[in-house]
Structures are given as C-alpha cells and as structure tokens.
$ cat work-v4.tsv   # TSV, N, CA and C atoms
chain	number	residue	atom	x	y	z
A	18	MET	N	20.62	-16.56	-6.43
A	18	MET	CA	19.75	-16.19	-7.53
A	18	MET	C	20.26	-14.95	-8.26
A	19	LEU	N	20.81	-14.00	-7.52
A	19	LEU	CA	21.26	-12.76	-8.15
A	19	LEU	C	22.65	-12.85	-8.74
A	20	ASN	N	23.30	-14.00	-8.65
A	20	ASN	CA	24.61	-14.15	-9.27
A	20	ASN	C	24.50	-14.59	-10.72
A	21	LYS	N	23.32	-14.96	-11.16
A	21	LYS	CA	23.12	-15.39	-12.54
A	21	LYS	C	22.81	-14.16	-13.40
A	22	ASN	N	23.48	-14.02	-14.51
A	22	ASN	CA	23.32	-12.86	-15.38
A	22	ASN	C	22.32	-13.19	-16.48
A	23	SER	N	21.03	-13.01	-16.17
A	23	SER	CA	20.01	-13.20	-17.20
A	23	SER	C	18.88	-12.19	-17.01
A	24	PHE	N	18.23	-11.89	-18.10
A	24	PHE	CA	17.15	-10.91	-18.13
A	24	PHE	C	15.97	-11.36	-17.27
A	25	ILE	N	15.61	-12.63	-17.35
A	25	ILE	CA	14.48	-13.17	-16.59
A	25	ILE	C	14.76	-13.12	-15.09
A	26	THR	N	16.00	-13.40	-14.70
A	26	THR	CA	16.37	-13.32	-13.29
A	26	THR	C	16.18	-11.91	-12.76
A	27	GLY	N	16.53	-10.92	-13.56
A	27	GLY	CA	16.34	-9.53	-13.16
A	27	GLY	C	14.88	-9.17	-13.00
A	28	ILE	N	14.04	-9.65	-13.91
A	28	ILE	CA	12.60	-9.37	-13.81
A	28	ILE	C	12.03	-10.02	-12.55
A	29	LEU	N	12.40	-11.26	-12.30
A	29	LEU	CA	11.89	-11.96	-11.11
A	29	LEU	C	12.39	-11.30	-9.82
A	30	ALA	N	13.64	-10.87	-9.80
A	30	ALA	CA	14.18	-10.21	-8.61
A	30	ALA	C	13.49	-8.87	-8.37
A	31	ALA	N	13.14	-8.18	-9.44
A	31	ALA	CA	12.50	-6.87	-9.30
A	31	ALA	C	11.06	-6.98	-8.83
A	32	LEU	N	10.45	-8.14	-8.93
A	32	LEU	CA	9.07	-8.31	-8.49
A	32	LEU	C	8.95	-8.64	-7.00
A	33	ILE	N	10.07	-8.88	-6.33
A	33	ILE	CA	10.04	-9.26	-4.92
A	33	ILE	C	9.53	-8.12	-4.04
A	34	PHE	N	10.15	-6.93	-4.14
A	34	PHE	CA	9.77	-5.81	-3.28
A	34	PHE	C	8.35	-5.30	-3.56
A	35	PRO	N	7.92	-5.19	-4.81
A	35	PRO	CA	6.53	-4.78	-5.03
A	35	PRO	C	5.52	-5.80	-4.52
A	36	ALA	N	5.86	-7.09	-4.56
A	36	ALA	CA	4.95	-8.10	-4.01
A	36	ALA	C	4.82	-7.94	-2.50
A	37	ILE	N	5.93	-7.65	-1.84
A	37	ILE	CA	5.89	-7.40	-0.40
A	37	ILE	C	5.08	-6.14	-0.11
A	38	ALA	N	5.26	-5.10	-0.92
A	38	ALA	CA	4.51	-3.85	-0.74
A	38	ALA	C	3.02	-4.08	-0.94
A	39	LEU	N	2.67	-4.90	-1.91
A	39	LEU	CA	1.26	-5.22	-2.15
A	39	LEU	C	0.66	-5.95	-0.95
A	40	ALA	N	1.40	-6.90	-0.40
A	40	ALA	CA	0.91	-7.63	0.77
A	40	ALA	C	0.76	-6.71	1.98
A	41	VAL	N	1.74	-5.84	2.20
A	41	VAL	CA	1.67	-4.91	3.32
A	41	VAL	C	0.51	-3.93	3.13
A	42	ALA	N	0.35	-3.42	1.93
A	42	ALA	CA	-0.76	-2.49	1.66
A	42	ALA	C	-2.10	-3.16	1.85
A	43	TYR	N	-2.21	-4.43	1.46
A	43	TYR	CA	-3.46	-5.16	1.63
A	43	TYR	C	-3.76	-5.40	3.11
A	44	LEU	N	-2.73	-5.75	3.88
A	44	LEU	CA	-2.93	-6.00	5.30
A	44	LEU	C	-3.25	-4.71	6.07
A	45	LEU	N	-2.65	-3.61	5.67
A	45	LEU	CA	-2.86	-2.35	6.37
A	45	LEU	C	-4.02	-1.53	5.81
A	46	LYS	N	-4.65	-2.03	4.77
A	46	LYS	CA	-5.70	-1.27	4.09
A	46	LYS	C	-6.83	-0.90	5.03
A	47	THR	N	-7.29	-1.83	5.81
A	47	THR	CA	-8.42	-1.55	6.70
A	47	THR	C	-7.98	-1.04	8.06
A	48	ASN	N	-6.75	-1.30	8.45
A	48	ASN	CA	-6.31	-0.94	9.79
A	48	ASN	C	-5.70	0.45	9.88
A	49	VAL	N	-4.81	0.78	8.99
A	49	VAL	CA	-4.07	2.03	9.09
A	49	VAL	C	-3.97	2.67	7.72
A	50	GLU	N	-4.14	3.95	7.66
A	50	GLU	CA	-3.89	4.68	6.42
A	50	GLU	C	-2.51	5.29	6.54
A	51	ILE	N	-1.62	4.92	5.67
A	51	ILE	CA	-0.21	5.29	5.77
A	51	ILE	C	-0.04	6.74	5.34
A	52	ILE	N	-0.07	7.62	6.29
A	52	ILE	CA	0.16	9.05	6.10
A	52	ILE	C	-0.70	9.58	4.95
A	53	ASN	N	-1.88	9.05	4.80
A	53	ASN	CA	-2.84	9.49	3.79
A	53	ASN	C	-2.26	9.38	2.37
A	54	ARG	N	-1.36	8.46	2.15
A	54	ARG	CA	-0.77	8.25	0.84
A	54	ARG	C	-0.83	6.76	0.50
A	55	PRO	N	-1.80	6.35	-0.32
A	55	PRO	CA	-1.95	4.91	-0.60
A	55	PRO	C	-0.84	4.32	-1.47
A	56	ALA	N	-0.08	5.14	-2.15
A	56	ALA	CA	0.97	4.63	-3.03
A	56	ALA	C	2.34	4.58	-2.36
A	57	LEU	N	2.44	4.99	-1.11
A	57	LEU	CA	3.74	5.06	-0.43
A	57	LEU	C	4.48	3.73	-0.37
A	58	PRO	N	3.83	2.60	-0.04
A	58	PRO	CA	4.59	1.34	-0.02
A	58	PRO	C	5.17	0.97	-1.39
A	59	TYR	N	4.47	1.32	-2.45
A	59	TYR	CA	4.95	1.00	-3.79
A	59	TYR	C	6.14	1.88	-4.17
A	60	PHE	N	6.13	3.14	-3.76
A	60	PHE	CA	7.26	4.00	-4.04
A	60	PHE	C	8.50	3.56	-3.26
A	61	ILE	N	8.29	3.07	-2.05
A	61	ILE	CA	9.42	2.52	-1.29
A	61	ILE	C	9.97	1.27	-1.99
A	62	ALA	N	9.08	0.43	-2.51
A	62	ALA	CA	9.52	-0.77	-3.24
A	62	ALA	C	10.29	-0.40	-4.50
A	63	ILE	N	9.86	0.64	-5.19
A	63	ILE	CA	10.58	1.11	-6.38
A	63	ILE	C	11.97	1.60	-6.00
A	64	ALA	N	12.06	2.34	-4.90
A	64	ALA	CA	13.37	2.83	-4.44
A	64	ALA	C	14.29	1.67	-4.08
A	65	LEU	N	13.75	0.65	-3.42
A	65	LEU	CA	14.56	-0.53	-3.09
A	65	LEU	C	15.01	-1.27	-4.35
A	66	ASN	N	14.16	-1.31	-5.37
A	66	ASN	CA	14.55	-1.93	-6.64
A	66	ASN	C	15.70	-1.17	-7.28
A	67	LEU	N	15.66	0.15	-7.21
A	67	LEU	CA	16.74	0.94	-7.81
A	67	LEU	C	18.05	0.75	-7.05
A	68	ILE	N	17.97	0.61	-5.73
A	68	ILE	CA	19.17	0.32	-4.95
A	68	ILE	C	19.72	-1.07	-5.32
A	69	MET	N	18.81	-2.05	-5.47
A	69	MET	CA	19.23	-3.38	-5.88
A	69	MET	C	19.87	-3.34	-7.27
A	70	MET	N	19.33	-2.54	-8.16
A	70	MET	CA	19.89	-2.42	-9.51
A	70	MET	C	21.30	-1.84	-9.45
A	71	ARG	N	21.53	-0.87	-8.58
A	71	ARG	CA	22.86	-0.28	-8.44
A	71	ARG	C	23.87	-1.33	-7.95
A	72	ILE	N	23.46	-2.16	-7.01
A	72	ILE	CA	24.35	-3.22	-6.50
A	72	ILE	C	24.66	-4.23	-7.60
A	73	ILE	N	23.65	-4.58	-8.39
A	73	ILE	CA	23.84	-5.53	-9.49
A	73	ILE	C	24.77	-4.94	-10.55
A	74	LEU	N	24.65	-3.66	-10.82
A	74	LEU	CA	25.53	-3.03	-11.81
A	74	LEU	C	26.98	-3.01	-11.33
A	75	LYS	N	27.20	-2.88	-10.03
A	75	LYS	CA	28.56	-2.94	-9.50
A	75	LYS	C	29.18	-4.32	-9.68
A	76	LYS	N	28.33	-5.36	-9.68
A	76	LYS	CA	28.80	-6.73	-9.92
A	76	LYS	C	28.95	-7.03	-11.40
A	77	GLU	N	28.62	-6.06	-12.26
A	77	GLU	CA	28.72	-6.16	-13.71
A	77	GLU	C	27.83	-7.25	-14.29
A	78	LEU	N	26.62	-7.36	-13.76
A	78	LEU	CA	25.61	-8.29	-14.29
A	78	LEU	C	24.61	-7.45	-15.09
A	79	ASP	N	24.99	-7.12	-16.32
A	79	ASP	CA	24.23	-6.15	-17.11
A	79	ASP	C	22.84	-6.65	-17.51
A	80	GLN	N	22.71	-7.89	-17.89
A	80	GLN	CA	21.40	-8.41	-18.30
A	80	GLN	C	20.42	-8.43	-17.13
A	81	THR	N	20.91	-8.79	-15.95
A	81	THR	CA	20.06	-8.79	-14.76
A	81	THR	C	19.61	-7.37	-14.44
A	82	ALA	N	20.53	-6.42	-14.54
A	82	ALA	CA	20.19	-5.02	-14.27
A	82	ALA	C	19.15	-4.51	-15.27
A	83	ARG	N	19.25	-4.93	-16.52
A	83	ARG	CA	18.24	-4.52	-17.51
A	83	ARG	C	16.86	-5.09	-17.17
A	84	GLY	N	16.82	-6.31	-16.68
A	84	GLY	CA	15.55	-6.90	-16.26
A	84	GLY	C	14.95	-6.16	-15.08
A	85	ILE	N	15.80	-5.80	-14.11
A	85	ILE	CA	15.33	-5.04	-12.96
A	85	ILE	C	14.81	-3.68	-13.40
A	86	MET	N	15.53	-3.03	-14.31
A	86	MET	CA	15.13	-1.71	-14.78
A	86	MET	C	13.79	-1.78	-15.52
A	87	LEU	N	13.61	-2.77	-16.37
A	87	LEU	CA	12.36	-2.90	-17.12
A	87	LEU	C	11.18	-3.16	-16.18
A	88	ALA	N	11.34	-4.09	-15.26
A	88	ALA	CA	10.25	-4.41	-14.33
A	88	ALA	C	9.93	-3.22	-13.43
A	89	THR	N	10.96	-2.51	-12.96
A	89	THR	CA	10.73	-1.34	-12.12
A	89	THR	C	10.00	-0.25	-12.88
A	90	PHE	N	10.35	-0.04	-14.13
A	90	PHE	CA	9.69	0.97	-14.94
A	90	PHE	C	8.22	0.61	-15.16
A	91	ILE	N	7.93	-0.65	-15.43
A	91	ILE	CA	6.54	-1.08	-15.63
A	91	ILE	C	5.75	-0.94	-14.34
A	92	ILE	N	6.34	-1.32	-13.22
A	92	ILE	CA	5.67	-1.17	-11.92
A	92	ILE	C	5.41	0.29	-11.62
A	93	MET	N	6.39	1.14	-11.92
A	93	MET	CA	6.23	2.57	-11.68
A	93	MET	C	5.06	3.13	-12.50
A	94	LEU	N	4.95	2.73	-13.74
A	94	LEU	CA	3.84	3.18	-14.57
A	94	LEU	C	2.50	2.69	-14.04
A	95	LEU	N	2.45	1.43	-13.62
A	95	LEU	CA	1.20	0.89	-13.09
A	95	LEU	C	0.79	1.58	-11.79
A	96	VAL	N	1.74	1.86	-10.92
A	96	VAL	CA	1.42	2.58	-9.68
A	96	VAL	C	0.93	3.98	-10.01
A	97	PHE	N	1.58	4.62	-10.95
A	97	PHE	CA	1.17	5.98	-11.32
A	97	PHE	C	-0.24	5.98	-11.91
A	98	ILE	N	-0.55	5.00	-12.73
A	98	ILE	CA	-1.87	4.95	-13.38
A	98	ILE	C	-2.96	4.58	-12.38
A	99	PHE	N	-2.72	3.57	-11.54
A	99	PHE	CA	-3.79	3.04	-10.69
A	99	PHE	C	-3.85	3.62	-9.28
A	100	LYS	N	-2.75	4.09	-8.74
A	100	LYS	CA	-2.75	4.54	-7.34
A	100	LYS	C	-2.68	6.06	-7.18
A	101	VAL	N	-1.96	6.73	-8.05
A	101	VAL	CA	-1.78	8.17	-7.92
A	101	VAL	C	-2.82	8.85	-8.79
A	102	HIS	N	-3.71	9.56	-8.16
A	102	HIS	CA	-4.76	10.26	-8.88
A	102	HIS	C	-4.44	11.75	-8.87
A	103	LEU	N	-4.11	12.27	-10.02
A	103	LEU	CA	-3.79	13.69	-10.12
A	103	LEU	C	-5.08	14.50	-10.00
A	104	ARG	N	-4.98	15.60	-9.33
A	104	ARG	CA	-6.17	16.44	-9.14
A	104	ARG	C	-6.08	17.68	-9.98
$ encode --input "work-v4.tsv" --output "structure tokens"
Amino acid sequence: MLNKNSFITGILAALIFPAIALAVAYLLKTNVEIINRPALPYFIAIALNLIMMRIILKKELDQTARGIMLATFIIMLLVFIFKVHLR
C-alpha cells in the first residue's frame, strides 16, 4: 500500500495510527487513566505518523508524504481542540 505514490494513499496511511490510538483510548477510558493525560495516545500516534512520513520521503514518494502531512496536521488540530484544555 505504501509503495503507491498518491495523495489519497498518504491520507489513508496517516489515519491508521490515530484509529489505533482512538481504540486504545476507548478501551482504557474506564480502566486506566494514562498518566493523567487523556491526549497521550494521540500524541504518540502523531509522532508515529511523522516517523512514517520520514520513511516515505526517503523512498521519494512525495505525494504520499503530502497526504500523510495533511492528515497528521488535521489530526493534531483536532486533538488540540478537543482533548487538550488549556487552563
């Protein structure tokens, strides 16, 4: 899937880690509070997306990397708006 150089492929690939983080956060919501930081799984997913983007850029798949970057930026904004509450 990641060998194809397309914008849509990048967006779909970038949604994998946040979907896993959402599932983990949902499962752990009632059982464990992760170091009193509800946005931690999402920030880990964002970091993994950036690592994936670096690997894709080394393979010179520019359109895929742009899709990953766009989806990661949108996810980062949504996490910041909905999960991180500034005091």
$ closest_atom_pairs --input "work-v4.tsv" --of "range 57-96 of chain A" --to "range 27-44 of chain A" --cutoff "6 Å" --atoms "only C-alpha atoms" --output "tab-separated table"
residue	atom	partner	partner_atom	distance
A:Pro58	CA	A:Ala38	CA	5.2
A:Tyr59	CA	A:Ala38	CA	5.7
A:Ala62	CA	A:Phe34	CA	5.0
A:Asn66	CA	A:Ala31	CA	6.0
A:Thr81	CA	A:Gly27	CA	4.1
A:Gly84	CA	A:Gly27	CA	4.1
A:Ile85	CA	A:Gly27	CA	4.6
A:Ala88	CA	A:Ile28	CA	5.5
$ select_by_dssp --input "work-v4.tsv" --residues "chain A" --states "alpha helix (DSSP H)" --output "ChimeraX atom specification"
/A:24-31,33-45,57-75,79-99
$ atom_distance --input "work-v4.tsv" --atom1 "CA of Asn22 in chain A" --atom2 "atom C of Ile61 in chain A"
23.6 Å
$ closest_residue --input "work-v4.tsv" --among "A:Ile72, A:Leu87, A:Ala56, A:Leu78" --to "Phe99 in chain A" --atoms "only C-alpha atoms"
A:Ala56
$ atom_distance --input "work-v4.tsv" --atom1 "atom C of Leu95 in chain A" --atom2 "CA of Leu65 in chain A"
16.4 Å
$ build_atoms --input "work-v4.tsv" --residues "range 19-30 of chain A" --atoms "all heavy atoms" --output "JSON list (two decimals), in the frame of the given file"
[["chain", "number", "residue", "atom", "x", "y", "z"],
["A", 19, "LEU", "N", 20.81, -14.00, -7.52],
["A", 19, "LEU", "CA", 21.26, -12.76, -8.15],
["A", 19, "LEU", "C", 22.65, -12.85, -8.74],
["A", 19, "LEU", "O", 23.14, -11.89, -9.29],
["A", 19, "LEU", "CB", 21.19, -11.61, -7.14],
["A", 19, "LEU", "CG", 19.77, -11.21, -6.73],
["A", 19, "LEU", "CD1", 19.82, -10.11, -5.68],
["A", 19, "LEU", "CD2", 18.96, -10.78, -7.92],
["A", 20, "ASN", "N", 23.30, -14.00, -8.65],
["A", 20, "ASN", "CA", 24.61, -14.15, -9.27],
["A", 20, "ASN", "C", 24.50, -14.59, -10.72],
["A", 20, "ASN", "O", 25.49, -14.62, -11.43],
["A", 20, "ASN", "CB", 25.45, -15.16, -8.48],
["A", 20, "ASN", "CG", 25.84, -14.60, -7.13],
["A", 20, "ASN", "OD1", 25.98, -13.40, -6.98],
["A", 20, "ASN", "ND2", 26.02, -15.48, -6.17],
["A", 21, "LYS", "N", 23.32, -14.96, -11.16],
["A", 21, "LYS", "CA", 23.12, -15.39, -12.54],
["A", 21, "LYS", "C", 22.81, -14.16, -13.40],
["A", 21, "LYS", "O", 21.96, -13.35, -13.05],
["A", 21, "LYS", "CB", 21.94, -16.38, -12.59],
["A", 21, "LYS", "CG", 21.72, -16.98, -13.94],
["A", 21, "LYS", "CD", 20.60, -17.98, -13.89],
["A", 21, "LYS", "CE", 20.36, -18.53, -15.29],
["A", 21, "LYS", "NZ", 19.20, -19.41, -15.31],
["A", 22, "ASN", "N", 23.48, -14.02, -14.51],
["A", 22, "ASN", "CA", 23.32, -12.86, -15.38],
["A", 22, "ASN", "C", 22.32, -13.19, -16.48],
["A", 22, "ASN", "O", 22.69, -13.60, -17.57],
["A", 22, "ASN", "CB", 24.68, -12.46, -15.97],
["A", 22, "ASN", "CG", 24.60, -11.13, -16.69],
["A", 22, "ASN", "OD1", 23.68, -10.35, -16.47],
["A", 22, "ASN", "ND2", 25.57, -10.87, -17.53],
["A", 23, "SER", "N", 21.03, -13.01, -16.17],
["A", 23, "SER", "CA", 20.01, -13.20, -17.20],
["A", 23, "SER", "C", 18.88, -12.19, -17.01],
["A", 23, "SER", "O", 18.63, -11.70, -15.92],
["A", 23, "SER", "CB", 19.45, -14.63, -17.17],
["A", 23, "SER", "OG", 18.50, -14.77, -16.15],
["A", 24, "PHE", "N", 18.23, -11.89, -18.10],
["A", 24, "PHE", "CA", 17.15, -10.91, -18.13],
["A", 24, "PHE", "C", 15.97, -11.36, -17.27],
["A", 24, "PHE", "O", 15.40, -10.57, -16.51],
["A", 24, "PHE", "CB", 16.73, -10.72, -19.60],
["A", 24, "PHE", "CG", 15.81, -9.57, -19.82],
["A", 24, "PHE", "CD1", 16.26, -8.27, -19.73],
["A", 24, "PHE", "CD2", 14.47, -9.79, -20.13],
["A", 24, "PHE", "CE1", 15.42, -7.21, -19.94],
["A", 24, "PHE", "CE2", 13.62, -8.74, -20.35],
["A", 24, "PHE", "CZ", 14.09, -7.44, -20.25],
["A", 25, "ILE", "N", 15.61, -12.63, -17.35],
["A", 25, "ILE", "CA", 14.48, -13.17, -16.59],
["A", 25, "ILE", "C", 14.76, -13.12, -15.09],
["A", 25, "ILE", "O", 13.87, -12.82, -14.29],
["A", 25, "ILE", "CB", 14.17, -14.61, -17.05],
["A", 25, "ILE", "CG1", 13.82, -14.64, -18.54],
["A", 25, "ILE", "CG2", 13.05, -15.22, -16.21],
["A", 25, "ILE", "CD1", 12.59, -13.85, -18.91],
["A", 26, "THR", "N", 16.00, -13.40, -14.70],
["A", 26, "THR", "CA", 16.37, -13.32, -13.29],
["A", 26, "THR", "C", 16.18, -11.91, -12.76],
["A", 26, "THR", "O", 15.70, -11.72, -11.64],
["A", 26, "THR", "CB", 17.84, -13.76, -13.09],
["A", 26, "THR", "OG1", 18.01, -15.07, -13.60],
["A", 26, "THR", "CG2", 18.23, -13.72, -11.63],
["A", 27, "GLY", "N", 16.53, -10.92, -13.56],
["A", 27, "GLY", "CA", 16.34, -9.53, -13.16],
["A", 27, "GLY", "C", 14.88, -9.17, -13.00],
["A", 27, "GLY", "O", 14.49, -8.49, -12.04],
["A", 28, "ILE", "N", 14.04, -9.65, -13.91],
["A", 28, "ILE", "CA", 12.60, -9.37, -13.81],
["A", 28, "ILE", "C", 12.03, -10.02, -12.55],
["A", 28, "ILE", "O", 11.27, -9.40, -11.80],
["A", 28, "ILE", "CB", 11.87, -9.84, -15.07],
["A", 28, "ILE", "CG1", 12.25, -8.94, -16.25],
["A", 28, "ILE", "CG2", 10.36, -9.83, -14.87],
["A", 28, "ILE", "CD1", 11.70, -9.40, -17.57],
["A", 29, "LEU", "N", 12.40, -11.26, -12.30],
["A", 29, "LEU", "CA", 11.89, -11.96, -11.11],
["A", 29, "LEU", "C", 12.39, -11.30, -9.82],
["A", 29, "LEU", "O", 11.63, -11.18, -8.85],
["A", 29, "LEU", "CB", 12.29, -13.43, -11.15],
["A", 29, "LEU", "CG", 11.63, -14.26, -12.25],
["A", 29, "LEU", "CD1", 12.20, -15.67, -12.24],
["A", 29, "LEU", "CD2", 10.13, -14.27, -12.10],
["A", 30, "ALA", "N", 13.64, -10.87, -9.80],
["A", 30, "ALA", "CA", 14.18, -10.21, -8.61],
["A", 30, "ALA", "C", 13.49, -8.87, -8.37],
["A", 30, "ALA", "O", 13.26, -8.48, -7.22],
["A", 30, "ALA", "CB", 15.69, -10.01, -8.77]]
